[in-house]
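Q: Quick one: the structure is below, questions incoming.
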Amino acid sequence: MVYLLIIVAILVVLFGVTSIRRSLITKPVFGIFKKILPPLSDTEREAMEAGDVWWDGELFKGKPDWQKLHAIPKAELSADEQAFMDNQVETLLTMLDDYKIVQEDRDLPKAVWDYIKREGFFAMIIPKAYGGREFSAIANSTIVSRIATR
């Protein structure tokens, strides 16, 4: 029992005291990984240094600014996006029979595939200059979520 207490005390000191943990555990382990891992390429370094991590970075640092989060305006659909939801998405939903698709055919009916292609469901985030709809991320998410309810 005494040996167990001694081992626990050593582990508590070793992992609990920051300066001891850094010098005896973190520094040697970091050195090992530094030797094992390949160096970052210029492209990887640029990608890591580009931009910022927005509000979620504050969250993961443990110091979120809740006022900053609440100040962000609520994302809303544009008129085009709302019209697509009200018309094309609703039409698509009436065409779907989940039981028939999943249990019997194991595929969408040809009419549904044709409708999806014709109405640009696969081009929602593609810029209009390339023949897409150029919908926002919130529109894409809303449309996919609505279809998933079927």
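Chain identifiers are assigned as A, B, and so on, following the order in which chains appear in the structure tokens; residues are numbered from 1 within each chain, and ligands are numbered from 1 in order of appearance.
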Env of segment 96-102 of chain A: 7 Å cut, atoms = only C-alpha atoms, seq-sep filter 5 positions within chain, self excluded. Answer as a CSV table (one decimal) with C-alpha atoms, in the first residue's frame.
A:
chain,number,residue,atom,x,y,z
A,107,ASP,CA,-32.1,4.3,-56.4
A,108,LEU,CA,-33.9,7.5,-57.2
A,150,ARG,CA,-37.7,13.0,-46.3
Q: Gly132 of chain A: which residues within 7 Å, counting only C-alpha atoms, same-chain residues fewer than 5 positions away excluded, as a compact mmCIF listing (two decimals) with C-alpha atoms, in the first residue's frame?
A:
# COMPACT_ATOMS: atom_id res chain seq x y z
CA GLY A 120 -29.39 22.80 -60.67
CA ALA A 123 -24.68 23.39 -58.95
CA MET A 124 -25.82 25.20 -55.83
CA ILE A 125 -22.40 26.50 -54.76
CA ILE A 126 -20.92 26.90 -58.25
CA PRO A 127 -20.60 30.57 -59.32
Q: Go through A:Met95, A:Leu4, A:Ala139, A:Ala148 one by one, measure the shortest atom-to-atom distance of each to Trp113 of chain A using only C-alpha atoms, and give the residue with the smallest value.
A: A:Met95
Q: Smallest atom-to-atom distance to Leu93 of chain A: which of A:Ile72, A:Val12, A:Ile143, A:Ala79, using only C-alpha atoms?
A: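 Of A:Ile72, A:Val12, A:Ile143, A:Ala79, the one nearest Leu93 of chain A is A:Ile143, counting only C-alpha atoms.
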Q: Using only C-alpha atoms, find the one residue out of A:Gly57, A:Val13, A:Arg45, A:Phe135 that sits nearest to Ala83 of chain A.
A: A:Phe135
Q: So that I can see what lies close to Leu92 of chain A, please list as an mmCIF file with N, CA and C atoms, in the first residue's frame the residues with an atom at most 9 Å from it, counting only C-alpha atoms and leaving out residues fewer than 3 positions away in the same chain.
A:
data_model
loop_
_atom_site.group_PDB
_atom_site.id
_atom_site.type_symbol
_atom_site.label_atom_id
_atom_site.label_comp_id
_atom_site.auth_asym_id
_atom_site.auth_seq_id
_atom_site.Cartn_x
_atom_site.Cartn_y
_atom_site.Cartn_z
ATOM 1 N N ASN A 87 -39.994 26.605 -54.108
ATOM 2 C CA ASN A 87 -40.457 26.015 -55.367
ATOM 3 C C ASN A 87 -39.755 24.697 -55.689
ATOM 4 N N GLN A 88 -38.503 24.758 -56.102
ATOM 5 C CA GLN A 88 -37.806 23.553 -56.553
ATOM 6 C C GLN A 88 -37.653 22.505 -55.449
ATOM 7 N N VAL A 89 -37.292 22.956 -54.253
ATOM 8 C CA VAL A 89 -37.096 21.980 -53.170
ATOM 9 C C VAL A 89 -38.427 21.332 -52.798
ATOM 10 N N MET A 95 -41.817 14.548 -55.003
ATOM 11 C CA MET A 95 -41.439 13.467 -55.925
ATOM 12 C C MET A 95 -40.798 12.279 -55.200
ATOM 13 N N LEU A 96 -40.394 12.480 -53.945
ATOM 14 C CA LEU A 96 -39.641 11.449 -53.227
ATOM 15 C C LEU A 96 -40.553 10.521 -52.436
ATOM 16 N N VAL A 112 -36.724 11.805 -61.018
ATOM 17 C CA VAL A 112 -36.131 12.596 -59.935
ATOM 18 C C VAL A 112 -34.715 13.012 -60.308
ATOM 19 N N TYR A 115 -34.922 15.773 -62.782
ATOM 20 C CA TYR A 115 -35.351 17.019 -62.151
ATOM 21 C C TYR A 115 -34.200 17.658 -61.376
ATOM 22 N N ILE A 116 -33.474 16.852 -60.605
ATOM 23 C CA ILE A 116 -32.341 17.358 -59.821
ATOM 24 C C ILE A 116 -31.302 18.002 -60.743
ATOM 25 N N ILE A 147 -34.110 18.440 -47.501
ATOM 26 C CA ILE A 147 -34.254 17.210 -48.284
ATOM 27 C C ILE A 147 -34.029 15.988 -47.392
#
Q: Excluding same-chain residues fewer than 3 positions from Trp55 of chain A, what lies within 12 Å of it counting only C-alpha atoms, as an mmCIF file with C-alpha atoms, in the first residue's frame?
A:
data_model
loop_
_atom_site.group_PDB
_atom_site.id
_atom_site.type_symbol
_atom_site.label_atom_id
_atom_site.label_comp_id
_atom_site.auth_asym_id
_atom_site.auth_seq_id
_atom_site.Cartn_x
_atom_site.Cartn_y
_atom_site.Cartn_z
ATOM 1 C CA ASP A 52 -7.549 33.350 -38.745
ATOM 2 C CA GLU A 58 -11.299 31.709 -28.853
ATOM 3 C CA LEU A 59 -13.527 28.855 -27.769
ATOM 4 C CA PHE A 60 -10.740 26.279 -28.012
ATOM 5 C CA LYS A 61 -8.340 28.595 -26.169
ATOM 6 C CA GLY A 62 -10.827 28.584 -23.325
ATOM 7 C CA LYS A 63 -11.503 32.332 -23.516
ATOM 8 C CA PRO A 64 -14.559 32.803 -25.730
ATOM 9 C CA ASP A 65 -15.916 36.326 -26.138
ATOM 10 C CA TRP A 66 -19.642 35.626 -25.974
ATOM 11 C CA GLN A 67 -20.526 39.224 -26.874
ATOM 12 C CA LYS A 68 -18.563 38.851 -30.115
ATOM 13 C CA LEU A 69 -20.540 35.692 -30.939
ATOM 14 C CA HIS A 70 -23.884 37.333 -30.176
ATOM 15 C CA ALA A 71 -22.933 40.369 -32.311
ATOM 16 C CA ILE A 72 -22.649 38.223 -35.442
#
